[in-house]
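Visitor: What follows is run38.txt, compact mmCIF, N, CA and C atoms.
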```txt
# COMPACT_ATOMS: atom_id res chain seq x y z
N PRO A 1 84.18 17.15 58.31
CA PRO A 1 84.78 15.91 57.78
C PRO A 1 83.75 14.82 57.51
N GLU A 2 82.72 14.74 58.37
CA GLU A 2 81.71 13.70 58.16
C GLU A 2 80.98 13.91 56.83
N ARG A 3 80.56 15.16 56.54
CA ARG A 3 79.88 15.44 55.28
C ARG A 3 80.82 15.27 54.10
N ALA A 4 82.07 15.70 54.24
CA ALA A 4 83.04 15.58 53.15
C ALA A 4 83.24 14.12 52.77
N ALA A 5 83.18 13.24 53.74
CA ALA A 5 83.37 11.81 53.48
C ALA A 5 82.24 11.21 52.66
N ARG A 6 81.16 11.96 52.46
CA ARG A 6 80.02 11.46 51.68
C ARG A 6 79.83 12.22 50.36
N GLN A 7 80.79 13.07 49.99
CA GLN A 7 80.64 13.86 48.78
C GLN A 7 80.74 13.00 47.52
N TYR A 8 79.85 13.27 46.61
CA TYR A 8 79.87 12.63 45.29
C TYR A 8 80.07 11.11 45.39
N PRO A 9 79.13 10.39 45.93
CA PRO A 9 79.28 8.94 46.09
C PRO A 9 79.04 8.19 44.77
N MET A 10 79.85 8.50 43.77
CA MET A 10 79.65 7.97 42.42
C MET A 10 79.60 6.44 42.37
N LYS A 11 80.61 5.79 42.92
CA LYS A 11 80.64 4.32 42.84
C LYS A 11 79.43 3.71 43.55
N SER A 12 79.09 4.27 44.70
CA SER A 12 77.92 3.76 45.42
C SER A 12 76.66 3.88 44.56
N PHE A 13 76.51 5.00 43.88
CA PHE A 13 75.35 5.18 42.99
C PHE A 13 75.37 4.15 41.87
N PHE A 14 76.51 4.05 41.15
CA PHE A 14 76.59 3.08 40.05
C PHE A 14 76.33 1.67 40.56
N ASP A 15 76.93 1.32 41.70
CA ASP A 15 76.76 -0.04 42.24
C ASP A 15 75.31 -0.34 42.58
N LYS A 16 74.52 0.66 42.94
CA LYS A 16 73.10 0.47 43.29
C LYS A 16 72.19 0.58 42.06
N GLY A 17 72.79 0.82 40.88
CA GLY A 17 71.98 0.90 39.67
C GLY A 17 71.39 2.27 39.40
N VAL A 18 71.83 3.29 40.13
CA VAL A 18 71.36 4.65 39.88
C VAL A 18 71.91 5.13 38.55
N ILE A 19 71.09 5.76 37.75
CA ILE A 19 71.56 6.35 36.50
C ILE A 19 72.20 7.69 36.86
N VAL A 20 73.53 7.72 36.79
CA VAL A 20 74.29 8.90 37.17
C VAL A 20 74.51 9.76 35.93
N ALA A 21 74.03 10.99 35.99
CA ALA A 21 74.23 11.94 34.89
C ALA A 21 75.17 13.03 35.37
N SER A 22 76.22 13.28 34.60
CA SER A 22 77.19 14.31 34.94
C SER A 22 77.07 15.46 33.96
N ALA A 23 77.59 16.61 34.38
CA ALA A 23 77.58 17.80 33.52
C ALA A 23 78.75 18.68 33.92
N SER A 24 79.11 19.56 33.03
CA SER A 24 80.16 20.54 33.34
C SER A 24 79.45 21.84 33.68
N ASP A 25 79.04 21.95 34.93
CA ASP A 25 78.21 23.07 35.39
C ASP A 25 79.03 24.34 35.57
N TYR A 26 79.05 25.16 34.57
CA TYR A 26 79.71 26.45 34.74
C TYR A 26 78.89 27.24 35.72
N ASN A 27 79.29 27.81 36.55
CA ASN A 27 80.43 28.22 37.33
C ASN A 27 80.54 27.47 38.65
N VAL A 28 80.03 26.26 38.68
CA VAL A 28 80.09 25.45 39.89
C VAL A 28 81.38 24.64 39.94
N THR A 29 81.80 24.09 38.83
CA THR A 29 82.97 23.23 38.81
C THR A 29 84.25 24.05 38.70
N ILE A 30 85.37 23.38 38.99
CA ILE A 30 86.69 24.04 38.92
C ILE A 30 86.88 24.63 37.53
N ARG A 31 86.77 23.80 36.53
CA ARG A 31 86.82 24.22 35.14
C ARG A 31 85.67 23.50 34.44
N PRO A 32 84.85 24.22 33.71
CA PRO A 32 83.71 23.55 33.06
C PRO A 32 84.18 22.71 31.87
N ASN A 33 84.84 21.60 32.15
CA ASN A 33 85.43 20.76 31.12
C ASN A 33 85.09 19.31 31.45
N PRO A 34 84.34 18.63 30.60
CA PRO A 34 83.98 17.23 30.89
C PRO A 34 85.19 16.32 31.07
N LEU A 35 86.29 16.59 30.38
CA LEU A 35 87.47 15.73 30.54
C LEU A 35 88.07 15.87 31.93
N VAL A 36 88.05 17.07 32.48
CA VAL A 36 88.50 17.28 33.85
C VAL A 36 87.58 16.53 34.81
N ALA A 37 86.29 16.64 34.59
CA ALA A 37 85.32 15.97 35.47
C ALA A 37 85.43 14.45 35.37
N ILE A 38 85.68 13.93 34.18
CA ILE A 38 85.87 12.48 34.02
C ILE A 38 87.09 12.04 34.83
N GLU A 39 88.17 12.79 34.71
CA GLU A 39 89.37 12.45 35.48
C GLU A 39 89.10 12.50 36.99
N ILE A 40 88.40 13.52 37.44
CA ILE A 40 88.08 13.62 38.87
C ILE A 40 87.26 12.42 39.33
N GLY A 41 86.30 11.99 38.52
CA GLY A 41 85.48 10.83 38.89
C GLY A 41 86.29 9.55 38.98
N VAL A 42 87.31 9.44 38.14
CA VAL A 42 88.14 8.23 38.12
C VAL A 42 89.20 8.26 39.21
N THR A 43 89.83 9.40 39.42
CA THR A 43 90.94 9.48 40.37
C THR A 43 90.54 10.01 41.73
N ARG A 44 89.43 10.79 41.78
CA ARG A 44 88.96 11.46 43.00
C ARG A 44 90.00 12.46 43.51
N THR A 45 90.77 13.03 42.58
CA THR A 45 91.76 14.05 42.90
C THR A 45 91.58 15.23 41.96
N VAL A 46 92.22 16.33 42.29
CA VAL A 46 92.19 17.50 41.43
C VAL A 46 93.27 17.34 40.35
N PRO A 47 92.91 17.42 39.07
CA PRO A 47 93.89 17.28 38.00
C PRO A 47 95.03 18.29 38.14
N GLY A 48 96.22 17.81 37.77
CA GLY A 48 97.37 18.68 37.81
C GLY A 48 98.27 18.42 38.99
N ASP A 49 97.80 17.67 39.99
CA ASP A 49 98.68 17.30 41.09
C ASP A 49 99.73 16.37 40.50
N ASP A 50 100.98 16.62 40.80
CA ASP A 50 102.05 15.88 40.13
C ASP A 50 102.27 14.47 40.68
N ARG A 51 101.49 14.06 41.66
CA ARG A 51 101.61 12.70 42.18
C ARG A 51 100.58 11.80 41.50
N THR A 52 100.91 10.56 41.33
CA THR A 52 99.95 9.62 40.77
C THR A 52 98.94 9.22 41.83
N PHE A 53 97.71 8.98 41.42
CA PHE A 53 96.69 8.60 42.39
C PHE A 53 96.97 7.23 43.01
N ALA A 54 97.85 6.43 42.41
CA ALA A 54 98.20 5.13 42.98
C ALA A 54 99.30 5.24 44.04
N ASP A 55 99.91 6.41 44.18
CA ASP A 55 100.98 6.64 45.15
C ASP A 55 100.42 6.46 46.57
N PRO A 56 100.99 5.55 47.37
CA PRO A 56 100.45 5.32 48.73
C PRO A 56 100.57 6.54 49.64
N ASP A 57 101.46 7.48 49.30
CA ASP A 57 101.61 8.69 50.10
C ASP A 57 100.67 9.81 49.66
N PHE A 58 99.85 9.54 48.69
CA PHE A 58 98.94 10.55 48.16
C PHE A 58 97.70 10.60 49.04
N HIS A 59 97.56 11.64 49.83
CA HIS A 59 96.47 11.72 50.80
C HIS A 59 95.36 12.69 50.37
N ASN A 60 95.47 13.26 49.21
CA ASN A 60 94.48 14.24 48.77
C ASN A 60 93.37 13.62 47.94
N VAL A 61 93.07 12.38 48.17
CA VAL A 61 92.02 11.68 47.45
C VAL A 61 90.72 11.85 48.21
N LEU A 62 89.69 12.32 47.53
CA LEU A 62 88.38 12.48 48.15
C LEU A 62 87.63 11.16 48.09
N VAL A 63 87.51 10.49 49.19
CA VAL A 63 86.81 9.22 49.34
C VAL A 63 87.23 8.25 48.22
N PRO A 64 88.44 7.69 48.33
CA PRO A 64 88.96 6.82 47.27
C PRO A 64 88.06 5.64 46.92
N GLY A 65 87.26 5.17 47.86
CA GLY A 65 86.35 4.06 47.58
C GLY A 65 85.23 4.42 46.62
N GLU A 66 85.09 5.68 46.28
CA GLU A 66 84.05 6.11 45.35
C GLU A 66 84.57 6.35 43.94
N ARG A 67 85.81 5.92 43.67
CA ARG A 67 86.34 6.02 42.30
C ARG A 67 85.51 5.15 41.37
N VAL A 68 85.34 5.61 40.14
CA VAL A 68 84.61 4.83 39.13
C VAL A 68 85.50 4.66 37.90
N THR A 69 85.01 3.94 36.92
CA THR A 69 85.79 3.69 35.72
C THR A 69 85.61 4.82 34.71
N VAL A 70 86.52 4.89 33.78
CA VAL A 70 86.40 5.86 32.69
C VAL A 70 85.11 5.59 31.91
N GLU A 71 84.81 4.34 31.69
CA GLU A 71 83.59 3.99 30.95
C GLU A 71 82.35 4.49 31.67
N GLU A 72 82.32 4.34 32.99
CA GLU A 72 81.17 4.84 33.75
C GLU A 72 81.05 6.35 33.66
N MET A 73 82.18 7.05 33.73
CA MET A 73 82.14 8.50 33.63
C MET A 73 81.71 8.95 32.23
N ILE A 74 82.18 8.27 31.20
CA ILE A 74 81.76 8.62 29.84
C ILE A 74 80.24 8.43 29.72
N ALA A 75 79.74 7.31 30.22
CA ALA A 75 78.29 7.07 30.17
C ALA A 75 77.54 8.17 30.92
N SER A 76 78.09 8.63 32.03
CA SER A 76 77.40 9.66 32.81
C SER A 76 77.29 10.98 32.05
N PHE A 77 78.21 11.23 31.14
CA PHE A 77 78.18 12.46 30.33
C PHE A 77 77.44 12.28 29.02
N THR A 78 77.16 11.05 28.62
CA THR A 78 76.55 10.83 27.31
C THR A 78 75.14 10.26 27.46
N ILE A 79 75.00 8.97 27.42
CA ILE A 79 73.67 8.36 27.43
C ILE A 79 72.92 8.65 28.73
N ASN A 80 73.63 8.67 29.86
CA ASN A 80 72.93 8.95 31.12
C ASN A 80 72.45 10.39 31.19
N GLY A 81 73.23 11.31 30.64
CA GLY A 81 72.77 12.70 30.57
C GLY A 81 71.55 12.83 29.69
N ALA A 82 71.55 12.10 28.58
CA ALA A 82 70.38 12.12 27.69
C ALA A 82 69.16 11.53 28.40
N LEU A 83 69.35 10.45 29.15
CA LEU A 83 68.24 9.86 29.91
C LEU A 83 67.68 10.85 30.92
N ALA A 84 68.56 11.56 31.61
CA ALA A 84 68.12 12.52 32.63
C ALA A 84 67.30 13.66 32.02
N ALA A 85 67.59 13.98 30.76
CA ALA A 85 66.87 15.06 30.08
C ALA A 85 65.72 14.53 29.23
N PHE A 86 65.45 13.24 29.33
CA PHE A 86 64.40 12.58 28.53
C PHE A 86 64.66 12.73 27.04
N LEU A 87 65.95 12.68 26.65
CA LEU A 87 66.34 12.83 25.24
C LEU A 87 67.06 11.58 24.72
N GLU A 88 66.93 10.47 25.42
CA GLU A 88 67.67 9.27 25.04
C GLU A 88 67.29 8.71 23.67
N ASN A 89 66.13 9.10 23.13
CA ASN A 89 65.76 8.66 21.78
C ASN A 89 66.32 9.57 20.71
N GLU A 90 66.89 10.70 21.12
CA GLU A 90 67.43 11.68 20.18
C GLU A 90 68.94 11.80 20.21
N THR A 91 69.52 11.59 21.40
CA THR A 91 70.96 11.83 21.55
C THR A 91 71.50 10.94 22.67
N GLY A 92 72.79 11.02 22.95
CA GLY A 92 73.39 10.28 24.05
C GLY A 92 74.18 9.06 23.64
N SER A 93 73.94 8.56 22.43
CA SER A 93 74.69 7.43 21.89
C SER A 93 74.68 7.55 20.38
N LEU A 94 75.63 6.89 19.75
CA LEU A 94 75.70 6.93 18.29
C LEU A 94 74.88 5.78 17.72
N GLU A 95 73.71 6.15 17.21
CA GLU A 95 72.80 5.17 16.63
C GLU A 95 72.06 5.80 15.45
N VAL A 96 71.61 4.95 14.55
CA VAL A 96 70.82 5.41 13.42
C VAL A 96 69.61 6.16 13.94
N SER A 97 69.32 7.30 13.37
CA SER A 97 68.19 8.18 13.64
C SER A 97 68.43 9.14 14.80
N LYS A 98 69.57 9.01 15.50
CA LYS A 98 69.88 9.96 16.57
C LYS A 98 70.76 11.08 16.02
N LYS A 99 70.77 12.20 16.73
CA LYS A 99 71.63 13.32 16.36
C LYS A 99 73.09 12.87 16.46
N ALA A 100 73.86 13.24 15.47
CA ALA A 100 75.27 12.84 15.44
C ALA A 100 76.12 13.88 16.15
N ASP A 101 76.17 13.79 17.47
CA ASP A 101 77.01 14.66 18.27
C ASP A 101 78.20 13.84 18.72
N ILE A 102 79.40 14.25 18.33
CA ILE A 102 80.60 13.47 18.64
C ILE A 102 81.81 14.38 18.67
N ILE A 103 82.79 13.97 19.48
CA ILE A 103 84.08 14.65 19.46
C ILE A 103 85.15 13.61 19.17
N VAL A 104 86.25 14.07 18.59
CA VAL A 104 87.44 13.24 18.38
C VAL A 104 88.53 13.86 19.24
N LEU A 105 89.16 13.03 20.06
CA LEU A 105 90.23 13.49 20.94
C LEU A 105 91.59 13.07 20.41
N ASP A 106 92.62 13.73 20.88
CA ASP A 106 93.99 13.37 20.46
C ASP A 106 94.55 12.22 21.28
N LYS A 107 93.83 11.76 22.30
CA LYS A 107 94.26 10.64 23.13
C LYS A 107 93.08 9.69 23.32
N ASP A 108 93.38 8.42 23.47
CA ASP A 108 92.37 7.43 23.82
C ASP A 108 92.25 7.42 25.34
N ILE A 109 91.25 8.12 25.88
CA ILE A 109 91.15 8.27 27.33
C ILE A 109 90.85 6.95 28.04
N LEU A 110 90.50 5.92 27.29
CA LEU A 110 90.30 4.61 27.90
C LEU A 110 91.63 3.90 28.16
N ASN A 111 92.69 4.39 27.52
CA ASN A 111 93.98 3.69 27.61
C ASN A 111 95.14 4.59 27.99
N VAL A 112 94.87 5.69 28.67
CA VAL A 112 95.96 6.53 29.19
C VAL A 112 95.92 6.46 30.71
N GLU A 113 97.01 6.87 31.34
CA GLU A 113 97.03 6.99 32.80
C GLU A 113 95.86 7.90 33.19
N PRO A 114 95.04 7.50 34.14
CA PRO A 114 93.88 8.32 34.50
C PRO A 114 94.19 9.78 34.81
N THR A 115 95.39 10.05 35.35
CA THR A 115 95.76 11.43 35.66
C THR A 115 96.12 12.24 34.42
N GLU A 116 96.08 11.61 33.26
CA GLU A 116 96.39 12.29 32.00
C GLU A 116 95.13 12.64 31.21
N ILE A 117 93.98 12.20 31.66
CA ILE A 117 92.74 12.43 30.90
C ILE A 117 92.52 13.91 30.63
N HIS A 118 92.77 14.76 31.61
CA HIS A 118 92.51 16.19 31.43
C HIS A 118 93.43 16.84 30.39
N HIS A 119 94.49 16.12 29.98
CA HIS A 119 95.39 16.65 28.94
C HIS A 119 94.88 16.37 27.53
N ALA A 120 93.87 15.54 27.39
CA ALA A 120 93.33 15.24 26.05
C ALA A 120 92.77 16.53 25.44
N ARG A 121 92.96 16.68 24.14
CA ARG A 121 92.49 17.87 23.43
C ARG A 121 91.48 17.46 22.36
N VAL A 122 90.48 18.29 22.21
CA VAL A 122 89.47 18.04 21.17
C VAL A 122 90.06 18.42 19.83
N LEU A 123 89.99 17.48 18.89
CA LEU A 123 90.47 17.72 17.53
C LEU A 123 89.33 18.03 16.56
N LEU A 124 88.17 17.45 16.83
CA LEU A 124 87.04 17.63 15.93
C LEU A 124 85.75 17.55 16.75
N THR A 125 84.82 18.43 16.44
CA THR A 125 83.50 18.40 17.07
C THR A 125 82.44 18.39 15.98
N ILE A 126 81.56 17.41 16.06
CA ILE A 126 80.41 17.34 15.16
C ILE A 126 79.17 17.46 16.04
N PHE A 127 78.32 18.42 15.71
CA PHE A 127 77.11 18.68 16.48
C PHE A 127 75.92 18.60 15.54
N ASP A 128 74.95 17.77 15.88
CA ASP A 128 73.76 17.56 15.06
C ASP A 128 74.13 17.24 13.61
N GLY A 129 75.20 16.44 13.47
CA GLY A 129 75.63 15.98 12.16
C GLY A 129 76.48 16.95 11.37
N GLN A 130 76.77 18.12 11.93
CA GLN A 130 77.55 19.14 11.21
C GLN A 130 78.87 19.40 11.94
N GLU A 131 79.93 19.52 11.17
CA GLU A 131 81.22 19.87 11.76
C GLU A 131 81.16 21.31 12.26
N VAL A 132 81.45 21.50 13.55
CA VAL A 132 81.42 22.85 14.12
C VAL A 132 82.79 23.29 14.64
N TYR A 133 83.74 22.34 14.74
CA TYR A 133 85.08 22.70 15.17
C TYR A 133 86.06 21.70 14.61
N ARG A 134 87.19 22.20 14.14
CA ARG A 134 88.30 21.34 13.68
C ARG A 134 89.59 22.02 14.07
N HIS A 135 90.41 21.32 14.85
CA HIS A 135 91.72 21.84 15.22
C HIS A 135 92.62 21.79 13.99
N SER A 136 93.51 22.74 13.87
CA SER A 136 94.36 22.83 12.68
C SER A 136 95.23 21.58 12.50
N SER A 137 95.51 20.84 13.56
CA SER A 137 96.34 19.64 13.44
C SER A 137 95.56 18.41 13.02
N PHE A 138 94.23 18.50 12.98
CA PHE A 138 93.42 17.32 12.66
C PHE A 138 93.32 17.12 11.15
N VAL A 139 93.77 15.97 10.70
CA VAL A 139 93.62 15.61 9.31
C VAL A 139 92.98 14.24 9.25
N GLU A 140 92.11 14.07 8.29
CA GLU A 140 91.43 12.79 8.13
C GLU A 140 92.34 11.82 7.40
N HIS A 141 92.29 10.57 7.86
CA HIS A 141 93.05 9.51 7.20
C HIS A 141 92.04 8.60 6.52
N GLY A 142 92.11 8.52 5.24
CA GLY A 142 91.11 7.77 4.53
C GLY A 142 91.56 6.49 4.07
```
Using the file provided, produce a representation of the structure as structure tokens.

Guide:
Amino acid sequence: PERAARQYPMKSFFDKGVIVASASDYNVTIRPNPLVAIEIGVTRTVPGDDRTFADPDFHNVLVPGERVTVEEMIASFTINGALAAFLENETGSLEVSKKADIIVLDKDILNVEPTEIHHARVLLTIFDGQEVYRHSSFVEHG
């Protein structure tokens, strides 16, 4: 229990100015899906539990004081990951002269219930400026 109480001290790291880089480490994580990991960082629970993380009777929260924001988790998967790999001048944010790696989701994960983040679906993936995936339901609105 003592060690478990110190697992993944995300908020403590962010609060101290540590550059936190996240990844979907196949076969270490439950599901190698960044959206699942973002939700776990925000709620500190396993996605799919039918209780809301705000429920006072919800006791399956791993160190609730270490919850972070969706924005912090997104940064940990994007620019912070690029910094950790010394690629921040090439990728990690959308800027002129950087590789255009981007996904379009069917939900705005900044504005949904945190326990719904893992339900977001990728509609479009652009990698190095080229479209590499398009869901059949995705249509551009011009």

Visitor: Rounded to one decimal place, report the atom N of Ser12 (chain A)-atom C of Gly41 (chain A) distance in Å.

Guide: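 Distance reported for this atom pair: 10.6 Å.
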
Visitor: Identify, with DSSP run on backbone atoms, the residues in chain A assigned to strand (DSSP E), and express the list as a short mmCIF file (atom, residue, chain, number, x, y, z; two decimals) with N, CA and C atoms, keeping the file's coordinate frame.

Guide:
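Just written: result21.cif:
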```cif
data_model
loop_
_atom_site.label_atom_id
_atom_site.label_comp_id
_atom_site.auth_asym_id
_atom_site.auth_seq_id
_atom_site.Cartn_x
_atom_site.Cartn_y
_atom_site.Cartn_z
N ILE A 102 79.40 14.25 18.33
CA ILE A 102 80.60 13.47 18.64
C ILE A 102 81.81 14.38 18.67
N ILE A 103 82.79 13.97 19.48
CA ILE A 103 84.08 14.65 19.46
C ILE A 103 85.15 13.61 19.17
N VAL A 104 86.25 14.07 18.59
CA VAL A 104 87.44 13.24 18.38
C VAL A 104 88.53 13.86 19.24
N LEU A 105 89.16 13.03 20.06
CA LEU A 105 90.23 13.49 20.94
C LEU A 105 91.59 13.07 20.41
N VAL A 122 90.48 18.29 22.21
CA VAL A 122 89.47 18.04 21.17
C VAL A 122 90.06 18.42 19.83
N LEU A 123 89.99 17.48 18.89
CA LEU A 123 90.47 17.72 17.53
C LEU A 123 89.33 18.03 16.56
N LEU A 124 88.17 17.45 16.83
CA LEU A 124 87.04 17.63 15.93
C LEU A 124 85.75 17.55 16.75
N THR A 125 84.82 18.43 16.44
CA THR A 125 83.50 18.40 17.07
C THR A 125 82.44 18.39 15.98
N ILE A 126 81.56 17.41 16.06
CA ILE A 126 80.41 17.34 15.16
C ILE A 126 79.17 17.46 16.04
N PHE A 127 78.32 18.42 15.71
CA PHE A 127 77.11 18.68 16.48
C PHE A 127 75.92 18.60 15.54
N GLN A 130 76.77 18.12 11.93
CA GLN A 130 77.55 19.14 11.21
C GLN A 130 78.87 19.40 11.94
N GLU A 131 79.93 19.52 11.17
CA GLU A 131 81.22 19.87 11.76
C GLU A 131 81.16 21.31 12.26
N VAL A 132 81.45 21.50 13.55
CA VAL A 132 81.42 22.85 14.12
C VAL A 132 82.79 23.29 14.64
N TYR A 133 83.74 22.34 14.74
CA TYR A 133 85.08 22.70 15.17
C TYR A 133 86.06 21.70 14.61
N ARG A 134 87.19 22.20 14.14
CA ARG A 134 88.30 21.34 13.68
C ARG A 134 89.59 22.02 14.07
#
```

Visitor: If you measure from CA of Val104 (chain A) to CA of Ile79 (chain A), what distance in Å do you get, rounded to one decimal?

Guide: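 Rounded to one decimal, the two atoms are 17.2 Å apart.
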
Visitor: Please return, as a PyMOL selection string, all residues of chain A that DSSP assigns to helix (DSSP H, G or I) on the basis of the backbone.

Guide: chain A and resi 4-6+10-15+34-43+64-66+70-77+79-84+114-119

Visitor: Closest to Ala21 (chain A) among A:Val61, A:Val70, A:Ala82, A:Ala4, using all atoms listed in the file?

Guide: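 Residue with the minimum atom-to-atom distance to Ala21 (chain A): A:Ala82.
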
Visitor: Please list, as a VMD selection string, the residues that have an atom at most 12 Å away from (91.3, 13.7, 22.8) in the coordinates of this file, counting only C-alpha atoms.

Guide: chain A and resid 34 to 36 102 to 112 116 to 125 135 138

Visitor: Can you pull out every residue within 12 Å of Ala84 (chain A), counting only C-alpha atoms, but drop anything in the same chain fewer than 2 positions away, and send it as an mmCIF file with N, CA and C atoms, in the coordinates of the input?

Guide:
```cif
data_model
loop_
_atom_site.group_PDB
_atom_site.id
_atom_site.type_symbol
_atom_site.label_atom_id
_atom_site.label_comp_id
_atom_site.auth_asym_id
_atom_site.auth_seq_id
_atom_site.Cartn_x
_atom_site.Cartn_y
_atom_site.Cartn_z
ATOM 1 N N VAL A 18 71.830 3.290 40.130
ATOM 2 C CA VAL A 18 71.360 4.650 39.880
ATOM 3 C C VAL A 18 71.910 5.130 38.550
ATOM 4 N N ILE A 19 71.090 5.760 37.750
ATOM 5 C CA ILE A 19 71.560 6.350 36.500
ATOM 6 C C ILE A 19 72.200 7.690 36.860
ATOM 7 N N VAL A 20 73.530 7.720 36.790
ATOM 8 C CA VAL A 20 74.290 8.900 37.170
ATOM 9 C C VAL A 20 74.510 9.760 35.930
ATOM 10 N N ALA A 21 74.030 10.990 35.990
ATOM 11 C CA ALA A 21 74.230 11.940 34.890
ATOM 12 C C ALA A 21 75.170 13.030 35.370
ATOM 13 N N SER A 22 76.220 13.280 34.600
ATOM 14 C CA SER A 22 77.190 14.310 34.940
ATOM 15 C C SER A 22 77.070 15.460 33.960
ATOM 16 N N ALA A 23 77.590 16.610 34.380
ATOM 17 C CA ALA A 23 77.580 17.800 33.520
ATOM 18 C C ALA A 23 78.750 18.680 33.920
ATOM 19 N N ALA A 75 79.740 7.310 30.220
ATOM 20 C CA ALA A 75 78.290 7.070 30.170
ATOM 21 C C ALA A 75 77.540 8.170 30.920
ATOM 22 N N SER A 76 78.090 8.630 32.030
ATOM 23 C CA SER A 76 77.400 9.660 32.810
ATOM 24 C C SER A 76 77.290 10.980 32.050
ATOM 25 N N PHE A 77 78.210 11.230 31.140
ATOM 26 C CA PHE A 77 78.180 12.460 30.330
ATOM 27 C C PHE A 77 77.440 12.280 29.020
ATOM 28 N N THR A 78 77.160 11.050 28.620
ATOM 29 C CA THR A 78 76.550 10.830 27.310
ATOM 30 C C THR A 78 75.140 10.260 27.460
ATOM 31 N N ILE A 79 75.000 8.970 27.420
ATOM 32 C CA ILE A 79 73.670 8.360 27.430
ATOM 33 C C ILE A 79 72.920 8.650 28.730
ATOM 34 N N ASN A 80 73.630 8.670 29.860
ATOM 35 C CA ASN A 80 72.930 8.950 31.120
ATOM 36 C C ASN A 80 72.450 10.390 31.190
ATOM 37 N N GLY A 81 73.230 11.310 30.640
ATOM 38 C CA GLY A 81 72.770 12.700 30.570
ATOM 39 C C GLY A 81 71.550 12.830 29.690
ATOM 40 N N ALA A 82 71.550 12.100 28.580
ATOM 41 C CA ALA A 82 70.380 12.120 27.690
ATOM 42 C C ALA A 82 69.160 11.530 28.400
ATOM 43 N N PHE A 86 65.450 13.240 29.330
ATOM 44 C CA PHE A 86 64.400 12.580 28.530
ATOM 45 C C PHE A 86 64.660 12.730 27.040
ATOM 46 N N LEU A 87 65.950 12.680 26.650
ATOM 47 C CA LEU A 87 66.340 12.830 25.240
ATOM 48 C C LEU A 87 67.060 11.580 24.720
ATOM 49 N N GLU A 88 66.930 10.470 25.420
ATOM 50 C CA GLU A 88 67.670 9.270 25.040
ATOM 51 C C GLU A 88 67.290 8.710 23.670
ATOM 52 N N ASN A 89 66.130 9.100 23.130
ATOM 53 C CA ASN A 89 65.760 8.660 21.780
ATOM 54 C C ASN A 89 66.320 9.570 20.710
ATOM 55 N N THR A 91 69.520 11.590 21.400
ATOM 56 C CA THR A 91 70.960 11.830 21.550
ATOM 57 C C THR A 91 71.500 10.940 22.670
ATOM 58 N N GLY A 92 72.790 11.020 22.950
ATOM 59 C CA GLY A 92 73.390 10.280 24.050
ATOM 60 C C GLY A 92 74.180 9.060 23.640
#
```

Visitor: What separation in Å, quoted to one decimal, exists between atom N of Ile40 (chain A) and atom N of Leu94 (chain A)?

Guide: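 Separation between atom N of Ile40 (chain A) and atom N of Leu94 (chain A): 22.8 Å.
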
Visitor: Do a neighbour search on Arg3 (chain A) at 12 Å with only C-alpha atoms, toss out local chain neighbours closer than 4 positions, and write the hits as JSON, numbers by chain.

Guide: {"A": [7, 8, 9, 62, 63]}

Visitor: Let me see the file: selected residues, N, CA and C atoms, as an mmCIF file, in the frame of the given file.

Guide:
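Result file follows (result-v5.cif):
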```cif
data_model
loop_
_atom_site.group_PDB
_atom_site.id
_atom_site.type_symbol
_atom_site.label_atom_id
_atom_site.label_comp_id
_atom_site.auth_asym_id
_atom_site.auth_seq_id
_atom_site.Cartn_x
_atom_site.Cartn_y
_atom_site.Cartn_z
ATOM 1 N N GLN A 7 80.790 13.070 49.990
ATOM 2 C CA GLN A 7 80.640 13.860 48.780
ATOM 3 C C GLN A 7 80.740 13.000 47.520
ATOM 4 N N TYR A 8 79.850 13.270 46.610
ATOM 5 C CA TYR A 8 79.870 12.630 45.290
ATOM 6 C C TYR A 8 80.070 11.110 45.390
ATOM 7 N N PRO A 9 79.130 10.390 45.930
ATOM 8 C CA PRO A 9 79.280 8.940 46.090
ATOM 9 C C PRO A 9 79.040 8.190 44.770
ATOM 10 N N LEU A 62 89.690 12.320 47.530
ATOM 11 C CA LEU A 62 88.380 12.480 48.150
ATOM 12 C C LEU A 62 87.630 11.160 48.090
ATOM 13 N N VAL A 63 87.510 10.490 49.190
ATOM 14 C CA VAL A 63 86.810 9.220 49.340
ATOM 15 C C VAL A 63 87.230 8.250 48.220
#
```

Visitor: Determine, counting all atoms listed in the file, which protein, DNA and RNA residues have an atom within 6.5 Å of an atom of Arg67 (chain A); residues of the same chain fewer than 4 positions away are not included. Present the result as a PyMOL selection string.

Guide: chain A and resi 10-11+41-44+63

Visitor: Tell me which of A:Val68, A:Ala100, A:Asp128, A:Thr115 sits closest to Gly48 (chain A), counting only N, CA and C atoms.

Guide: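 Checking each candidate against Gly48 (chain A), we get A:Thr115 as the closest.
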